Amino acid sequence: MNLLRPARLVLAWSALPAFVFAQAAVEGRVTLPATRAAPVVNKRYEIVTKGGVLSTNPPLAVVYLEGTFSPPPVPPLAQVAQKDLAFIPTLLPVQVGTRVEFPNFDDTYHNIFSFSPAKRFDLGRYRSDEKPVPSVVFDEAGLVTLRCDIHEHMRALILVLPTPYFVVTDADGRYRLGGLPPGRYTVAAWLDSKTTAPSRPVDLQNGVTAHVDFP
């Protein structure tokens with residue numbers, strides 16, 4: 001069993017209504033900013049701060065569909081793991097109302113907390129055998145910065161969005177967002193804590209993949 005499964009795959013099955021699967025899609029590319037430092041070994045992403053701006057290094061973006069959507073019938077569930085003294089994933093988009101679990105897979109204590117206005121919490125110190133797994137419900141849209149009170153280098157970001165339709169780009173800025181309801185919407189791209197690309201209109205049709213770039 002893969003305990004470190006990508007959280008957005010869990011969301012895809014648990015958060016979306018059944019009728020949206022295999023419908024419209026949008027794909028394209030986001031122009032990502034240059035890497036802020038030397039390449040990260042083994043492409044491990046980390047959170048860096050420059051001039052008060054938080055972002056991933058190497059850069060990533062989150063592309064999401066804007067609109068008015070009904071809340072999910074079952075609260076979504078996602079996961080940010082602690083493994084090898086790092087958060088996995090480093091950047092996690094979730095829908096408002098999602099419960100995020102924080103399992104500890106290290107042979108040491110962790111203490112996860114956030115001082116972010118969108119969600120303030122402190123899970124206290126806990127080991128890998130902690131049951132139930134500590135979790136937090138993210139009930140307000142915004143950016144949440146995760147830290148560990150024991151390991152100061154650990155950082156991660158949770159982007160809480162008022163939509164169930166989102167995806168993280170790959171390292172080249174490419175994305176594909178599928179299972180979308182048909183209609184006229186706008187698509188936006190989050191790049192860092194101070195930068196969201198201007199929304200772009202998109203006309204979604206059943207069985208058709210629209211193309212939207214963010215230069």
# chains A, B, ... in the order shown; residues from 1 in each chain; ligands from 1
call {"tool": "residues_around", "arguments": {"residues": "region 61-72 of chain A", "least_positions_apart": "6", "cutoff": "6 Å", "atoms": "only C-alpha atoms", "output": "list of chain:residue names"}}
result
A:Ala15, A:Tyr165, A:Phe166, A:Val167, A:Val168, A:Thr169, A:Thr186, A:Val187, A:Ala188, A:Ala189, A:Trp190, A:Leu191
call {"tool": "select_by_dssp", "arguments": {"residues": "region 3-214 of chain A", "states": "strand (DSSP E)", "output": "compact mmCIF listing (two decimals) with N, CA and C atoms, in the first residue's frame"}}
result
# COMPACT_ATOMS: atom_id res chain seq x y z
N ALA A 24 -15.67 17.63 -19.67
CA ALA A 24 -14.79 18.60 -20.30
C ALA A 24 -13.42 18.60 -19.63
N ALA A 25 -12.45 19.22 -20.32
CA ALA A 25 -11.10 19.32 -19.78
C ALA A 25 -10.46 20.59 -20.30
N VAL A 26 -9.43 21.05 -19.59
CA VAL A 26 -8.64 22.18 -20.03
C VAL A 26 -7.18 21.86 -19.76
N GLU A 27 -6.31 22.22 -20.68
CA GLU A 27 -4.89 21.98 -20.51
C GLU A 27 -4.11 23.15 -21.07
N GLY A 28 -2.83 23.20 -20.75
CA GLY A 28 -2.00 24.29 -21.23
C GLY A 28 -0.69 24.35 -20.47
N ARG A 29 -0.15 25.54 -20.39
CA ARG A 29 1.14 25.71 -19.74
C ARG A 29 1.19 27.05 -19.02
N GLU A 46 11.19 22.50 -2.12
CA GLU A 46 11.25 23.13 -0.82
C GLU A 46 10.56 24.48 -0.90
N ILE A 47 10.24 25.04 0.25
CA ILE A 47 9.62 26.36 0.30
C ILE A 47 10.69 27.39 0.58
N VAL A 48 10.75 28.41 -0.27
CA VAL A 48 11.73 29.47 -0.10
C VAL A 48 11.01 30.79 0.09
N THR A 49 11.69 31.73 0.73
CA THR A 49 11.14 33.06 0.97
C THR A 49 12.10 34.10 0.43
N LYS A 50 11.57 35.01 -0.37
CA LYS A 50 12.37 36.10 -0.90
C LYS A 50 11.53 37.36 -0.90
N VAL A 53 7.95 36.84 -0.03
CA VAL A 53 7.14 36.04 -0.94
C VAL A 53 7.48 34.57 -0.77
N LEU A 54 6.46 33.75 -0.53
CA LEU A 54 6.65 32.31 -0.37
C LEU A 54 6.35 31.60 -1.68
N SER A 55 7.22 30.66 -2.05
CA SER A 55 6.99 29.88 -3.27
C SER A 55 7.76 28.58 -3.16
N THR A 56 7.50 27.68 -4.11
CA THR A 56 8.25 26.43 -4.14
C THR A 56 9.53 26.62 -4.95
N ASN A 57 10.53 25.83 -4.62
CA ASN A 57 11.79 25.82 -5.36
C ASN A 57 12.19 24.37 -5.58
N VAL A 62 -0.38 26.31 -9.28
CA VAL A 62 -1.65 25.62 -9.11
C VAL A 62 -2.65 26.27 -10.05
N VAL A 63 -3.23 25.48 -10.94
CA VAL A 63 -4.25 25.97 -11.88
C VAL A 63 -5.61 25.50 -11.38
N TYR A 64 -6.60 26.42 -11.36
CA TYR A 64 -7.90 26.04 -10.82
C TYR A 64 -9.03 26.73 -11.58
N LEU A 65 -10.19 26.10 -11.55
CA LEU A 65 -11.38 26.61 -12.22
C LEU A 65 -12.17 27.46 -11.24
N GLU A 66 -12.50 28.68 -11.65
CA GLU A 66 -13.29 29.57 -10.81
C GLU A 66 -14.76 29.47 -11.19
N LEU A 77 -10.89 14.43 1.83
CA LEU A 77 -9.79 14.05 2.71
C LEU A 77 -8.50 14.09 1.92
N ALA A 78 -7.48 14.72 2.48
CA ALA A 78 -6.17 14.79 1.84
C ALA A 78 -5.11 14.50 2.89
N GLN A 79 -3.84 14.55 2.47
CA GLN A 79 -2.77 14.15 3.38
C GLN A 79 -1.49 14.93 3.08
N ALA A 81 2.25 14.25 4.46
CA ALA A 81 3.06 13.35 5.28
C ALA A 81 4.35 14.03 5.73
N GLN A 82 4.95 13.45 6.75
CA GLN A 82 6.26 13.87 7.23
C GLN A 82 7.20 12.69 7.06
N LYS A 83 8.15 12.82 6.15
CA LYS A 83 9.04 11.72 5.81
C LYS A 83 10.42 12.28 5.53
N ALA A 86 10.91 16.05 6.06
CA ALA A 86 10.37 16.94 5.04
C ALA A 86 8.87 16.69 4.91
N PHE A 87 8.15 17.70 4.43
CA PHE A 87 6.74 17.54 4.14
C PHE A 87 6.56 16.98 2.73
N ILE A 88 5.62 16.06 2.57
CA ILE A 88 5.29 15.48 1.27
C ILE A 88 3.76 15.47 1.12
N LEU A 91 3.59 21.42 -1.67
CA LEU A 91 2.49 22.31 -2.04
C LEU A 91 1.25 21.46 -2.27
N LEU A 92 0.19 21.73 -1.49
CA LEU A 92 -1.04 20.97 -1.59
C LEU A 92 -2.24 21.90 -1.75
N PRO A 93 -2.92 21.86 -2.90
CA PRO A 93 -4.19 22.59 -3.03
C PRO A 93 -5.33 21.71 -2.53
N VAL A 94 -6.28 22.31 -1.82
CA VAL A 94 -7.45 21.59 -1.34
C VAL A 94 -8.68 22.48 -1.46
N GLN A 95 -9.84 21.86 -1.46
CA GLN A 95 -11.10 22.59 -1.46
C GLN A 95 -11.45 23.00 -0.03
N THR A 98 -11.94 20.70 3.40
CA THR A 98 -11.16 19.46 3.36
C THR A 98 -10.48 19.20 4.71
N ARG A 99 -10.52 17.94 5.12
CA ARG A 99 -9.74 17.51 6.29
C ARG A 99 -8.40 16.99 5.80
N VAL A 100 -7.31 17.52 6.34
CA VAL A 100 -5.97 17.10 5.97
C VAL A 100 -5.34 16.36 7.13
N GLU A 101 -4.90 15.13 6.86
CA GLU A 101 -4.19 14.34 7.87
C GLU A 101 -2.69 14.61 7.77
N HIS A 110 7.51 15.04 15.64
CA HIS A 110 7.25 16.26 14.88
C HIS A 110 6.20 17.07 15.63
N ASN A 111 6.15 18.36 15.34
CA ASN A 111 5.15 19.25 15.93
C ASN A 111 4.71 20.24 14.85
N ILE A 112 3.60 19.95 14.19
CA ILE A 112 3.16 20.74 13.05
C ILE A 112 2.26 21.87 13.54
N PHE A 113 2.52 23.08 13.02
CA PHE A 113 1.70 24.23 13.42
C PHE A 113 1.61 25.23 12.28
N SER A 114 0.68 26.17 12.42
CA SER A 114 0.52 27.25 11.45
C SER A 114 0.06 28.51 12.17
N PHE A 115 0.64 29.64 11.79
CA PHE A 115 0.21 30.94 12.29
C PHE A 115 -0.55 31.71 11.21
N SER A 116 -0.88 31.08 10.10
CA SER A 116 -1.51 31.76 8.98
C SER A 116 -2.93 32.21 9.33
N LYS A 119 -5.78 29.74 8.74
CA LYS A 119 -5.91 28.62 9.67
C LYS A 119 -4.76 28.63 10.67
N ARG A 120 -5.10 28.82 11.92
CA ARG A 120 -4.10 28.76 13.00
C ARG A 120 -4.32 27.48 13.79
N PHE A 121 -3.25 26.72 14.00
CA PHE A 121 -3.37 25.50 14.79
C PHE A 121 -1.99 25.05 15.26
N ASP A 122 -1.98 24.16 16.23
CA ASP A 122 -0.76 23.56 16.75
C ASP A 122 -1.10 22.14 17.17
N LEU A 123 -0.53 21.16 16.48
CA LEU A 123 -0.86 19.76 16.75
C LEU A 123 -0.08 19.16 17.91
N GLY A 124 0.90 19.91 18.44
CA GLY A 124 1.69 19.36 19.52
C GLY A 124 2.66 18.29 19.03
N ARG A 125 3.50 17.80 19.91
CA ARG A 125 4.49 16.79 19.51
C ARG A 125 3.87 15.40 19.44
N TYR A 126 4.19 14.68 18.37
CA TYR A 126 3.67 13.32 18.25
C TYR A 126 4.61 12.46 17.43
N SER A 135 -5.11 15.55 12.48
CA SER A 135 -5.69 16.15 11.28
C SER A 135 -6.29 17.51 11.60
N VAL A 136 -6.53 18.29 10.54
CA VAL A 136 -7.10 19.63 10.66
C VAL A 136 -8.08 19.83 9.52
N VAL A 137 -9.23 20.47 9.79
CA VAL A 137 -10.18 20.84 8.75
C VAL A 137 -9.89 22.27 8.32
N PHE A 138 -9.68 22.46 7.01
CA PHE A 138 -9.37 23.78 6.48
C PHE A 138 -10.66 24.38 5.91
N GLY A 142 -7.64 30.50 1.47
CA GLY A 142 -6.42 31.27 1.71
C GLY A 142 -5.20 30.37 1.69
N LEU A 143 -4.05 30.96 1.92
CA LEU A 143 -2.79 30.23 1.92
C LEU A 143 -2.35 29.96 3.35
N VAL A 144 -2.02 28.70 3.61
CA VAL A 144 -1.59 28.28 4.96
C VAL A 144 -0.16 27.77 4.88
N THR A 145 0.70 28.32 5.72
CA THR A 145 2.10 27.88 5.79
C THR A 145 2.27 26.91 6.94
N LEU A 146 2.77 25.72 6.61
CA LEU A 146 3.03 24.70 7.63
C LEU A 146 4.48 24.76 8.08
N ARG A 147 4.69 24.57 9.37
CA ARG A 147 6.04 24.51 9.92
C ARG A 147 6.10 23.43 10.99
N CYS A 148 7.31 23.04 11.34
CA CYS A 148 7.53 22.10 12.43
C CYS A 148 8.29 22.81 13.53
N ARG A 155 9.11 23.25 5.79
CA ARG A 155 8.07 24.18 5.36
C ARG A 155 7.19 23.48 4.32
N ALA A 156 5.92 23.86 4.29
CA ALA A 156 5.01 23.40 3.24
C ALA A 156 3.88 24.42 3.14
N LEU A 157 3.18 24.39 2.02
CA LEU A 157 2.07 25.31 1.78
C LEU A 157 0.81 24.52 1.46
N ILE A 158 -0.31 24.93 2.05
CA ILE A 158 -1.62 24.41 1.69
C ILE A 158 -2.43 25.57 1.12
N LEU A 159 -2.84 25.46 -0.13
CA LEU A 159 -3.64 26.48 -0.78
C LEU A 159 -5.11 26.04 -0.73
N VAL A 160 -5.90 26.73 0.09
CA VAL A 160 -7.30 26.37 0.28
C VAL A 160 -8.15 27.17 -0.70
N LEU A 161 -8.87 26.46 -1.57
CA LEU A 161 -9.59 27.09 -2.67
C LEU A 161 -11.10 26.82 -2.57
N PHE A 166 -8.90 21.64 -9.46
CA PHE A 166 -7.57 22.23 -9.42
C PHE A 166 -6.54 21.16 -9.71
N VAL A 167 -5.33 21.60 -10.06
CA VAL A 167 -4.24 20.68 -10.34
C VAL A 167 -2.92 21.42 -10.16
N VAL A 168 -1.89 20.71 -9.74
CA VAL A 168 -0.54 21.27 -9.64
C VAL A 168 0.18 21.00 -10.95
N ARG A 174 3.45 22.58 -17.27
CA ARG A 174 2.34 21.97 -18.00
C ARG A 174 1.28 21.46 -17.01
N TYR A 175 0.02 21.50 -17.46
CA TYR A 175 -1.07 21.00 -16.62
C TYR A 175 -2.19 20.45 -17.49
N ARG A 176 -2.99 19.61 -16.89
CA ARG A 176 -4.24 19.14 -17.49
C ARG A 176 -5.25 18.97 -16.38
N LEU A 177 -6.39 19.62 -16.54
CA LEU A 177 -7.45 19.60 -15.54
C LEU A 177 -8.69 18.99 -16.19
N GLY A 178 -9.04 17.77 -15.78
CA GLY A 178 -10.13 17.05 -16.41
C GLY A 178 -11.32 16.87 -15.49
N GLY A 179 -12.37 16.17 -16.00
CA GLY A 179 -13.57 15.92 -15.22
C GLY A 179 -14.34 17.17 -14.88
N LEU A 180 -14.38 18.15 -15.81
CA LEU A 180 -14.98 19.44 -15.54
C LEU A 180 -16.41 19.52 -16.07
N GLY A 183 -19.71 24.48 -19.57
CA GLY A 183 -20.19 25.83 -19.30
C GLY A 183 -19.10 26.86 -19.48
N ARG A 184 -19.44 28.10 -19.22
CA ARG A 184 -18.48 29.20 -19.32
C ARG A 184 -17.92 29.51 -17.94
N TYR A 185 -16.61 29.45 -17.83
CA TYR A 185 -15.95 29.68 -16.55
C TYR A 185 -14.71 30.53 -16.78
N THR A 186 -13.96 30.73 -15.72
CA THR A 186 -12.64 31.32 -15.83
C THR A 186 -11.63 30.41 -15.15
N VAL A 187 -10.40 30.45 -15.63
CA VAL A 187 -9.31 29.64 -15.09
C VAL A 187 -8.24 30.59 -14.57
N ALA A 188 -7.68 30.27 -13.41
CA ALA A 188 -6.63 31.10 -12.82
C ALA A 188 -5.44 30.23 -12.46
N ALA A 189 -4.29 30.87 -12.28
CA ALA A 189 -3.06 30.15 -11.93
C ALA A 189 -2.38 30.85 -10.76
N TRP A 190 -2.21 30.12 -9.66
CA TRP A 190 -1.48 30.61 -8.49
C TRP A 190 -0.01 30.27 -8.66
N LEU A 191 0.88 31.29 -8.50
CA LEU A 191 2.31 31.05 -8.67
C LEU A 191 3.09 31.15 -7.36
N ASP A 192 2.71 32.09 -6.50
CA ASP A 192 3.36 32.22 -5.20
C ASP A 192 2.44 33.01 -4.28
N THR A 195 1.39 36.21 -6.00
CA THR A 195 1.13 36.24 -7.44
C THR A 195 0.11 35.20 -7.86
N THR A 196 -1.02 35.69 -8.39
CA THR A 196 -2.00 34.84 -9.07
C THR A 196 -2.22 35.44 -10.45
N ALA A 197 -1.99 34.64 -11.49
CA ALA A 197 -2.13 35.15 -12.85
C ALA A 197 -3.58 35.57 -13.09
N PRO A 198 -3.79 36.64 -13.88
CA PRO A 198 -5.15 37.08 -14.19
C PRO A 198 -5.99 35.93 -14.76
N SER A 199 -7.24 35.88 -14.33
CA SER A 199 -8.13 34.81 -14.79
C SER A 199 -8.35 34.91 -16.30
N ARG A 200 -8.52 33.75 -16.91
CA ARG A 200 -8.76 33.67 -18.36
C ARG A 200 -10.06 32.94 -18.61
N PRO A 201 -10.90 33.46 -19.53
CA PRO A 201 -12.18 32.80 -19.81
C PRO A 201 -11.96 31.48 -20.53
N VAL A 202 -12.88 30.54 -20.30
CA VAL A 202 -12.80 29.26 -20.98
C VAL A 202 -14.23 28.74 -21.21
N ASP A 203 -14.48 28.23 -22.39
CA ASP A 203 -15.78 27.65 -22.74
C ASP A 203 -15.63 26.14 -22.76
N LEU A 204 -16.17 25.48 -21.76
CA LEU A 204 -16.00 24.04 -21.61
C LEU A 204 -17.16 23.29 -22.24
N THR A 209 -11.33 19.20 -25.13
CA THR A 209 -10.26 19.72 -24.27
C THR A 209 -9.91 21.13 -24.73
N ALA A 210 -10.18 22.11 -23.88
CA ALA A 210 -9.82 23.50 -24.18
C ALA A 210 -8.34 23.72 -23.88
N HIS A 211 -7.77 24.78 -24.44
CA HIS A 211 -6.36 25.08 -24.24
C HIS A 211 -6.24 26.50 -23.70
call {"tool": "atom_distance", "arguments": {"atom1": "CA of Arg127 (chain A)", "atom2": "CA of His151 (chain A)"}}
result
13.7 Å
